[in-house]
file input.pdb (PDB, N, CA and C atoms)
ATOM      1  N   MET X   1      31.193 -17.137 -65.804
ATOM      2  CA  MET X   1      29.837 -17.326 -65.334
ATOM      3  C   MET X   1      28.880 -16.990 -66.471
ATOM      4  N   SER X   2      27.894 -17.843 -66.665
ATOM      5  CA  SER X   2      26.906 -17.585 -67.707
ATOM      6  C   SER X   2      25.990 -16.437 -67.280
ATOM      7  N   PRO X   3      25.264 -15.837 -68.218
ATOM      8  CA  PRO X   3      24.330 -14.773 -67.855
ATOM      9  C   PRO X   3      23.292 -15.228 -66.818
ATOM     10  N   LEU X   4      22.835 -16.472 -66.922
ATOM     11  CA  LEU X   4      21.856 -16.980 -65.964
ATOM     12  C   LEU X   4      22.484 -17.130 -64.578
ATOM     13  N   GLU X   5      23.704 -17.636 -64.525
ATOM     14  CA  GLU X   5      24.405 -17.752 -63.240
ATOM     15  C   GLU X   5      24.646 -16.373 -62.629
ATOM     16  N   THR X   6      24.989 -15.413 -63.471
ATOM     17  CA  THR X   6      25.197 -14.048 -62.990
ATOM     18  C   THR X   6      23.913 -13.486 -62.391
ATOM     19  N   GLU X   7      22.790 -13.750 -63.041
ATOM     20  CA  GLU X   7      21.503 -13.269 -62.533
ATOM     21  C   GLU X   7      21.148 -13.949 -61.210
ATOM     22  N   PHE X   8      21.372 -15.264 -61.117
ATOM     23  CA  PHE X   8      21.130 -15.961 -59.851
ATOM     24  C   PHE X   8      22.003 -15.375 -58.750
ATOM     25  N   HIS X   9      23.256 -15.121 -59.064
ATOM     26  CA  HIS X   9      24.175 -14.579 -58.057
ATOM     27  C   HIS X   9      23.738 -13.172 -57.643
ATOM     28  N   ARG X  10      23.301 -12.376 -58.594
ATOM     29  CA  ARG X  10      22.825 -11.027 -58.268
ATOM     30  C   ARG X  10      21.631 -11.094 -57.323
ATOM     31  N   LYS X  11      20.676 -11.986 -57.620
ATOM     32  CA  LYS X  11      19.492 -12.108 -56.767
ATOM     33  C   LYS X  11      19.864 -12.596 -55.372
ATOM     34  N   CYS X  12      20.775 -13.537 -55.289
ATOM     35  CA  CYS X  12      21.220 -14.019 -53.984
ATOM     36  C   CYS X  12      21.915 -12.907 -53.204
ATOM     37  N   ASN X  13      22.745 -12.157 -53.884
ATOM     38  CA  ASN X  13      23.453 -11.065 -53.218
ATOM     39  C   ASN X  13      22.470 -10.013 -52.708
ATOM     40  N   GLU X  14      21.464  -9.679 -53.512
ATOM     41  CA  GLU X  14      20.445  -8.711 -53.078
ATOM     42  C   GLU X  14      19.686  -9.240 -51.870
ATOM     43  N   ALA X  15      19.309 -10.518 -51.892
ATOM     44  CA  ALA X  15      18.579 -11.111 -50.769
ATOM     45  C   ALA X  15      19.448 -11.130 -49.518
ATOM     46  N   HIS X  16      20.730 -11.414 -49.686
ATOM     47  CA  HIS X  16      21.660 -11.425 -48.549
ATOM     48  C   HIS X  16      21.796 -10.024 -47.952
ATOM     49  N   GLU X  17      21.945  -9.025 -48.792
ATOM     50  CA  GLU X  17      22.061  -7.646 -48.307
ATOM     51  C   GLU X  17      20.776  -7.205 -47.606
ATOM     52  N   TYR X  18      19.615  -7.596 -48.154
ATOM     53  CA  TYR X  18      18.337  -7.258 -47.522
ATOM     54  C   TYR X  18      18.213  -7.957 -46.170
ATOM     55  N   LEU X  19      18.651  -9.212 -46.089
ATOM     56  CA  LEU X  19      18.616  -9.941 -44.828
ATOM     57  C   LEU X  19      19.454  -9.227 -43.769
ATOM     58  N   ILE X  20      20.619  -8.768 -44.128
ATOM     59  CA  ILE X  20      21.479  -8.036 -43.192
ATOM     60  C   ILE X  20      20.805  -6.737 -42.759
ATOM     61  N   LEU X  21      20.199  -6.033 -43.697
ATOM     62  CA  LEU X  21      19.499  -4.787 -43.393
ATOM     63  C   LEU X  21      18.369  -5.028 -42.392
ATOM     64  N   VAL X  22      17.548  -6.043 -42.646
ATOM     65  CA  VAL X  22      16.420  -6.331 -41.758
ATOM     66  C   VAL X  22      16.916  -6.838 -40.407
ATOM     67  N   LYS X  23      17.977  -7.647 -40.413
ATOM     68  CA  LYS X  23      18.536  -8.149 -39.159
ATOM     69  C   LYS X  23      18.991  -6.986 -38.287
ATOM     70  N   ASN X  24      19.661  -6.011 -38.882
ATOM     71  CA  ASN X  24      20.101  -4.842 -38.120
ATOM     72  C   ASN X  24      18.923  -4.011 -37.643
ATOM     73  N   ALA X  25      17.901  -3.870 -38.484
ATOM     74  CA  ALA X  25      16.699  -3.125 -38.079
ATOM     75  C   ALA X  25      15.995  -3.854 -36.940
ATOM     76  N   PHE X  26      15.952  -5.174 -36.993
ATOM     77  CA  PHE X  26      15.339  -5.964 -35.930
ATOM     78  C   PHE X  26      16.088  -5.761 -34.625
ATOM     79  N   ARG X  27      17.387  -5.780 -34.695
ATOM     80  CA  ARG X  27      18.203  -5.566 -33.489
ATOM     81  C   ARG X  27      17.955  -4.193 -32.884
ATOM     82  N   ASN X  28      17.675  -3.220 -33.724
ATOM     83  CA  ASN X  28      17.413  -1.859 -33.254
ATOM     84  C   ASN X  28      15.933  -1.616 -32.992
ATOM     85  N   ALA X  29      15.137  -2.697 -32.975
ATOM     86  CA  ALA X  29      13.689  -2.640 -32.739
ATOM     87  C   ALA X  29      12.969  -1.803 -33.786
ATOM     88  N   GLU X  30      13.490  -1.792 -35.025
ATOM     89  CA  GLU X  30      12.864  -1.057 -36.116
ATOM     90  C   GLU X  30      12.166  -1.987 -37.102
ATOM     91  N   ALA X  31      12.278  -3.303 -36.877
ATOM     92  CA  ALA X  31      11.618  -4.285 -37.735
ATOM     93  C   ALA X  31      10.961  -5.335 -36.849
ATOM     94  N   THR X  32       9.896  -5.932 -37.353
ATOM     95  CA  THR X  32       9.196  -6.954 -36.587
ATOM     96  C   THR X  32       9.813  -8.325 -36.842
ATOM     97  N   ILE X  33       9.452  -9.263 -35.986
ATOM     98  CA  ILE X  33       9.944 -10.623 -36.166
ATOM     99  C   ILE X  33       9.452 -11.209 -37.492
ATOM    100  N   SER X  34       8.236 -10.857 -37.891
ATOM    101  CA  SER X  34       7.726 -11.391 -39.160
ATOM    102  C   SER X  34       8.514 -10.834 -40.351
ATOM    103  N   GLN X  35       8.941  -9.576 -40.293
ATOM    104  CA  GLN X  35       9.774  -9.016 -41.358
ATOM    105  C   GLN X  35      11.112  -9.752 -41.427
ATOM    106  N   TYR X  36      11.667 -10.038 -40.271
ATOM    107  CA  TYR X  36      12.936 -10.756 -40.200
ATOM    108  C   TYR X  36      12.772 -12.172 -40.757
ATOM    109  N   GLN X  37      11.691 -12.847 -40.384
ATOM    110  CA  GLN X  37      11.436 -14.202 -40.872
ATOM    111  C   GLN X  37      11.226 -14.217 -42.388
ATOM    112  N   ARG X  38      10.524 -13.219 -42.925
ATOM    113  CA  ARG X  38      10.325 -13.143 -44.378
ATOM    114  C   ARG X  38      11.659 -12.933 -45.098
ATOM    115  N   ALA X  39      12.523 -12.100 -44.535
ATOM    116  CA  ALA X  39      13.836 -11.864 -45.140
ATOM    117  C   ALA X  39      14.661 -13.147 -45.139
ATOM    118  N   ILE X  40      14.611 -13.890 -44.042
ATOM    119  CA  ILE X  40      15.336 -15.159 -43.961
ATOM    120  C   ILE X  40      14.776 -16.133 -44.999
ATOM    121  N   GLY X  41      13.454 -16.242 -45.073
ATOM    122  CA  GLY X  41      12.818 -17.139 -46.030
ATOM    123  C   GLY X  41      13.139 -16.782 -47.471
ATOM    124  N   GLY X  42      13.130 -15.499 -47.774
ATOM    125  CA  GLY X  42      13.455 -15.042 -49.127
ATOM    126  C   GLY X  42      14.882 -15.369 -49.502
ATOM    127  N   PHE X  43      15.792 -15.166 -48.560
ATOM    128  CA  PHE X  43      17.194 -15.481 -48.827
ATOM    129  C   PHE X  43      17.372 -16.978 -49.026
ATOM    130  N   GLU X  44      16.760 -17.785 -48.172
ATOM    131  CA  GLU X  44      16.874 -19.238 -48.296
ATOM    132  C   GLU X  44      16.345 -19.723 -49.650
ATOM    133  N   GLN X  45      15.275 -19.111 -50.105
ATOM    134  CA  GLN X  45      14.672 -19.509 -51.385
ATOM    135  C   GLN X  45      15.622 -19.250 -52.552
ATOM    136  N   VAL X  46      16.184 -18.057 -52.617
ATOM    137  CA  VAL X  46      17.080 -17.758 -53.737
ATOM    138  C   VAL X  46      18.414 -18.494 -53.600
ATOM    139  N   ARG X  47      18.857 -18.710 -52.365
ATOM    140  CA  ARG X  47      20.099 -19.465 -52.152
ATOM    141  C   ARG X  47      19.932 -20.917 -52.609
ATOM    142  N   THR X  48      18.782 -21.502 -52.317
ATOM    143  CA  THR X  48      18.497 -22.869 -52.748
ATOM    144  C   THR X  48      18.438 -22.955 -54.273
ATOM    145  N   ALA X  49      17.798 -21.982 -54.902
ATOM    146  CA  ALA X  49      17.721 -21.953 -56.370
ATOM    147  C   ALA X  49      19.113 -21.803 -56.982
ATOM    148  N   TYR X  50      19.935 -20.980 -56.387
ATOM    149  CA  TYR X  50      21.307 -20.796 -56.865
ATOM    150  C   TYR X  50      22.062 -22.118 -56.808
ATOM    151  N   HIS X  51      21.963 -22.816 -55.679
ATOM    152  CA  HIS X  51      22.662 -24.088 -55.517
ATOM    153  C   HIS X  51      22.133 -25.129 -56.498
ATOM    154  N   ALA X  52      20.814 -25.166 -56.678
ATOM    155  CA  ALA X  52      20.218 -26.132 -57.605
ATOM    156  C   ALA X  52      20.700 -25.894 -59.033
ATOM    157  N   HIS X  53      20.873 -24.640 -59.392
ATOM    158  CA  HIS X  53      21.277 -24.320 -60.766
ATOM    159  C   HIS X  53      22.778 -24.481 -60.979
ATOM    160  N   THR X  54      23.570 -24.032 -60.017
ATOM    161  CA  THR X  54      25.020 -23.996 -60.218
ATOM    162  C   THR X  54      25.755 -25.178 -59.584
ATOM    163  N   GLY X  55      25.131 -25.804 -58.588
ATOM    164  CA  GLY X  55      25.808 -26.866 -57.859
ATOM    165  C   GLY X  55      26.805 -26.343 -56.846
ATOM    166  N   ARG X  56      26.825 -25.035 -56.665
ATOM    167  CA  ARG X  56      27.760 -24.405 -55.712
ATOM    168  C   ARG X  56      26.966 -23.685 -54.628
ATOM    169  N   ASP X  57      27.608 -23.505 -53.473
ATOM    170  CA  ASP X  57      27.009 -22.717 -52.410
ATOM    171  C   ASP X  57      27.238 -21.243 -52.705
ATOM    172  N   PHE X  58      26.244 -20.438 -52.373
ATOM    173  CA  PHE X  58      26.339 -18.999 -52.591
ATOM    174  C   PHE X  58      27.343 -18.375 -51.632
ATOM    175  N   GLN X  59      28.218 -17.535 -52.166
ATOM    176  CA  GLN X  59      29.160 -16.750 -51.370
ATOM    177  C   GLN X  59      28.878 -15.287 -51.667
ATOM    178  N   PRO X  60      28.408 -14.526 -50.668
ATOM    179  CA  PRO X  60      28.060 -13.119 -50.926
ATOM    180  C   PRO X  60      29.274 -12.287 -51.333
ATOM    181  N   ILE X  61      28.973 -11.279 -52.132
ATOM    182  CA  ILE X  61      29.980 -10.314 -52.557
ATOM    183  C   ILE X  61      29.600  -8.982 -51.944
ATOM    184  N   SER X  62      30.483  -8.401 -51.159
ATOM    185  CA  SER X  62      30.196  -7.102 -50.566
ATOM    186  C   SER X  62      30.198  -6.023 -51.633
ATOM    187  N   THR X  63      29.222  -5.113 -51.524
ATOM    188  CA  THR X  63      29.165  -4.012 -52.487
ATOM    189  C   THR X  63      29.350  -2.697 -51.786
TER     190      THR X  63
END
call {"tool": "encode", "arguments": {"input": "input.pdb", "output": "C-alpha cells"}}
result
Amino acid sequence: MSPLETEFHRKCNEAHEYLILVKNAFRNAEATISQYQRAIGGFEQVRTAYHAHTGRDFQPIST
C-alpha cells in the first residue's frame, strides 16, 4: 500500500470507529440523531474518497 493509500485507509478506519461509537451512544440515548447523521455522513465521505482513489471498497480493521 502506498503512503497515500495508507492515509486514506487510516481516515476511513477512524471514521468507521467514530460511527460505531456514536451509534452506540445513540442507542443509549447519549447522542442526538443529528450527531448520528453527521457520523454517517463523515464516514460515507471518506469511504467514497477511499474507493475513488484505490478502486477498492473499504474494509475496516479492528484496533
call {"tool": "closest_residue", "arguments": {"input": "input.pdb", "among": "X:Ile61, X:Ala49, X:Ala39, X:Ala31", "to": "Ala15 (chain X)", "atoms": "only C-alpha atoms"}}
result
X:Ala39
call {"tool": "resolve_selection", "arguments": {"input": "input.pdb", "expression": "the PyMOL selection byres (((chain X and resi 14 and name CA) around 12) and name CA)", "output": "number ranges by chain"}}
result
X: 7-13, 15-21, 39, 42-43, 46-47, 58-63
call {"tool": "atom_distance", "arguments": {"input": "input.pdb", "atom1": "CA of Ser2 (chain X)", "atom2": "CA of Thr48 (chain X)"}}
result
18.0 Å
call {"tool": "atom_distance", "arguments": {"input": "input.pdb", "atom1": "CA of Leu4 (chain X)", "atom2": "CA of Gly55 (chain X)"}}
result
13.4 Å
call {"tool": "atom_distance", "arguments": {"input": "input.pdb", "atom1": "atom N of Arg27 (chain X)", "atom2": "atom N of His51 (chain X)"}}
result
27.4 Å
call {"tool": "residues_around", "arguments": {"input": "input.pdb", "residues": "Tyr36 (chain X)", "least_positions_apart": "4", "cutoff": "9 Å", "atoms": "only C-alpha atoms", "output": "PyMOL selection string"}}
result
chain X and resi 19+22-23+25-26+31-32+40-41
call {"tool": "decode", "arguments": {"input": "input.pdb", "residues": "region 20-52 of chain X", "atoms": "N, CA, C and O atoms", "output": "mmCIF file, in the first residue's frame"}}
result
data_model
loop_
_atom_site.group_PDB
_atom_site.id
_atom_site.type_symbol
_atom_site.label_atom_id
_atom_site.label_comp_id
_atom_site.auth_asym_id
_atom_site.auth_seq_id
_atom_site.Cartn_x
_atom_site.Cartn_y
_atom_site.Cartn_z
ATOM 1 N N ILE X 20 -19.296 3.857 14.855
ATOM 2 C CA ILE X 20 -19.707 2.825 15.814
ATOM 3 C C ILE X 20 -19.891 3.435 17.201
ATOM 4 O O ILE X 20 -20.862 3.140 17.895
ATOM 5 N N LEU X 21 -18.979 4.302 17.602
ATOM 6 C CA LEU X 21 -19.069 4.966 18.901
ATOM 7 C C LEU X 21 -20.357 5.783 19.006
ATOM 8 O O LEU X 21 -21.097 5.670 19.986
ATOM 9 N N VAL X 22 -20.646 6.584 17.985
ATOM 10 C CA VAL X 22 -21.844 7.425 18.012
ATOM 11 C C VAL X 22 -23.104 6.568 17.926
ATOM 12 O O VAL X 22 -24.095 6.846 18.594
ATOM 13 N N LYS X 23 -23.061 5.502 17.126
ATOM 14 C CA LYS X 23 -24.214 4.609 17.015
ATOM 15 C C LYS X 23 -24.543 4.009 18.375
ATOM 16 O O LYS X 23 -25.711 3.975 18.789
ATOM 17 N N ASN X 24 -23.529 3.572 19.104
ATOM 18 C CA ASN X 24 -23.759 3.014 20.437
ATOM 19 C C ASN X 24 -24.257 4.072 21.405
ATOM 20 O O ASN X 24 -25.140 3.807 22.226
ATOM 21 N N ALA X 25 -23.713 5.284 21.312
ATOM 22 C CA ALA X 25 -24.179 6.379 22.176
ATOM 23 C C ALA X 25 -25.628 6.721 21.848
ATOM 24 O O ALA X 25 -26.427 7.000 22.745
ATOM 25 N N PHE X 26 -25.987 6.703 20.577
ATOM 26 C CA PHE X 26 -27.361 6.975 20.165
ATOM 27 C C PHE X 26 -28.298 5.925 20.735
ATOM 28 O O PHE X 26 -29.367 6.248 21.262
ATOM 29 N N ARG X 27 -27.896 4.690 20.661
ATOM 30 C CA ARG X 27 -28.722 3.602 21.209
ATOM 31 C C ARG X 27 -28.928 3.760 22.708
ATOM 32 O O ARG X 27 -29.962 3.369 23.240
ATOM 33 N N ASN X 28 -27.941 4.302 23.386
ATOM 34 C CA ASN X 28 -28.031 4.509 24.831
ATOM 35 C C ASN X 28 -28.589 5.880 25.183
ATOM 36 O O ASN X 28 -28.483 6.312 26.326
ATOM 37 N N ALA X 29 -29.140 6.584 24.181
ATOM 38 C CA ALA X 29 -29.721 7.921 24.346
ATOM 39 C C ALA X 29 -28.701 8.934 24.844
ATOM 40 O O ALA X 29 -29.037 9.876 25.551
ATOM 41 N N GLU X 30 -27.425 8.754 24.463
ATOM 42 C CA GLU X 30 -26.368 9.681 24.848
ATOM 43 C C GLU X 30 -25.928 10.559 23.681
ATOM 44 O O GLU X 30 -25.072 11.415 23.841
ATOM 45 N N ALA X 31 -26.501 10.319 22.494
ATOM 46 C CA ALA X 31 -26.184 11.124 21.316
ATOM 47 C C ALA X 31 -27.486 11.469 20.603
ATOM 48 O O ALA X 31 -28.459 10.723 20.677
ATOM 49 N N THR X 32 -27.484 12.594 19.910
ATOM 50 C CA THR X 32 -28.678 13.013 19.189
ATOM 51 C C THR X 32 -28.694 12.408 17.790
ATOM 52 O O THR X 32 -27.670 11.932 17.294
ATOM 53 N N ILE X 33 -29.855 12.483 17.166
ATOM 54 C CA ILE X 33 -29.969 11.979 15.803
ATOM 55 C C ILE X 33 -29.060 12.765 14.856
ATOM 56 O O ILE X 33 -28.473 12.199 13.941
ATOM 57 N N SER X 34 -28.910 14.060 15.103
ATOM 58 C CA SER X 34 -28.042 14.853 14.221
ATOM 59 C C SER X 34 -26.575 14.433 14.367
ATOM 60 O O SER X 34 -25.830 14.423 13.380
ATOM 61 N N GLN X 35 -26.137 14.076 15.571
ATOM 62 C CA GLN X 35 -24.773 13.580 15.758
ATOM 63 C C GLN X 35 -24.578 12.267 15.000
ATOM 64 O O GLN X 35 -23.548 12.048 14.360
ATOM 65 N N TYR X 36 -25.577 11.416 15.064
ATOM 66 C CA TYR X 36 -25.522 10.135 14.368
ATOM 67 C C TYR X 36 -25.481 10.359 12.854
ATOM 68 O O TYR X 36 -24.674 9.757 12.144
ATOM 69 N N GLN X 37 -26.311 11.267 12.355
ATOM 70 C CA GLN X 37 -26.338 11.564 10.922
ATOM 71 C C GLN X 37 -25.009 12.159 10.453
ATOM 72 O O GLN X 37 -24.541 11.827 9.361
ATOM 73 N N ARG X 38 -24.402 13.031 11.258
ATOM 74 C CA ARG X 38 -23.100 13.604 10.894
ATOM 75 C C ARG X 38 -22.025 12.517 10.839
ATOM 76 O O ARG X 38 -21.157 12.525 9.952
ATOM 77 N N ALA X 39 -22.062 11.583 11.780
ATOM 78 C CA ALA X 39 -21.090 10.488 11.784
ATOM 79 C C ALA X 39 -21.259 9.621 10.541
ATOM 80 O O ALA X 39 -20.272 9.228 9.906
ATOM 81 N N ILE X 40 -22.501 9.343 10.168
ATOM 82 C CA ILE X 40 -22.765 8.553 8.965
ATOM 83 C C ILE X 40 -22.254 9.308 7.737
ATOM 84 O O ILE X 40 -21.568 8.737 6.879
ATOM 85 N N GLY X 41 -22.568 10.595 7.647
ATOM 86 C CA GLY X 41 -22.129 11.407 6.518
ATOM 87 C C GLY X 41 -20.616 11.492 6.411
ATOM 88 O O GLY X 41 -20.042 11.396 5.316
ATOM 89 N N GLY X 42 -19.955 11.650 7.540
ATOM 90 C CA GLY X 42 -18.492 11.713 7.555
ATOM 91 C C GLY X 42 -17.870 10.417 7.090
ATOM 92 O O GLY X 42 -16.911 10.409 6.306
ATOM 93 N N PHE X 43 -18.431 9.306 7.546
ATOM 94 C CA PHE X 43 -17.912 8.006 7.126
ATOM 95 C C PHE X 43 -18.132 7.803 5.636
ATOM 96 O O PHE X 43 -17.222 7.358 4.924
ATOM 97 N N GLU X 44 -19.319 8.127 5.144
ATOM 98 C CA GLU X 44 -19.613 7.969 3.719
ATOM 99 C C GLU X 44 -18.657 8.803 2.860
ATOM 100 O O GLU X 44 -18.213 8.360 1.801
ATOM 101 N N GLN X 45 -18.339 9.987 3.333
ATOM 102 C CA GLN X 45 -17.444 10.878 2.581
ATOM 103 C C GLN X 45 -16.046 10.280 2.447
ATOM 104 O O GLN X 45 -15.483 10.229 1.356
ATOM 105 N N VAL X 46 -15.480 9.821 3.547
ATOM 106 C CA VAL X 46 -14.126 9.265 3.467
ATOM 107 C C VAL X 46 -14.121 7.902 2.771
ATOM 108 O O VAL X 46 -13.181 7.561 2.069
ATOM 109 N N ARG X 47 -15.201 7.143 2.929
ATOM 110 C CA ARG X 47 -15.295 5.848 2.242
ATOM 111 C C ARG X 47 -15.357 6.046 0.725
ATOM 112 O O ARG X 47 -14.708 5.325 -0.028
ATOM 113 N N THR X 48 -16.104 7.047 0.287
ATOM 114 C CA THR X 48 -16.194 7.359 -1.137
ATOM 115 C C THR X 48 -14.839 7.806 -1.682
ATOM 116 O O THR X 48 -14.425 7.392 -2.768
ATOM 117 N N ALA X 49 -14.139 8.641 -0.929
ATOM 118 C CA ALA X 49 -12.805 9.098 -1.346
ATOM 119 C C ALA X 49 -11.831 7.923 -1.428
ATOM 120 O O ALA X 49 -11.017 7.844 -2.353
ATOM 121 N N TYR X 50 -11.912 7.021 -0.485
ATOM 122 C CA TYR X 50 -11.057 5.833 -0.493
ATOM 123 C C TYR X 50 -11.307 5.016 -1.755
ATOM 124 O O TYR X 50 -10.382 4.613 -2.444
ATOM 125 N N HIS X 51 -12.577 4.781 -2.073
ATOM 126 C CA HIS X 51 -12.924 3.994 -3.254
ATOM 127 C C HIS X 51 -12.477 4.701 -4.530
ATOM 128 O O HIS X 51 -11.955 4.066 -5.451
ATOM 129 N N ALA X 52 -12.672 6.017 -4.584
ATOM 130 C CA ALA X 52 -12.270 6.779 -5.769
ATOM 131 C C ALA X 52 -10.763 6.698 -5.991
ATOM 132 O O ALA X 52 -10.297 6.622 -7.127
#
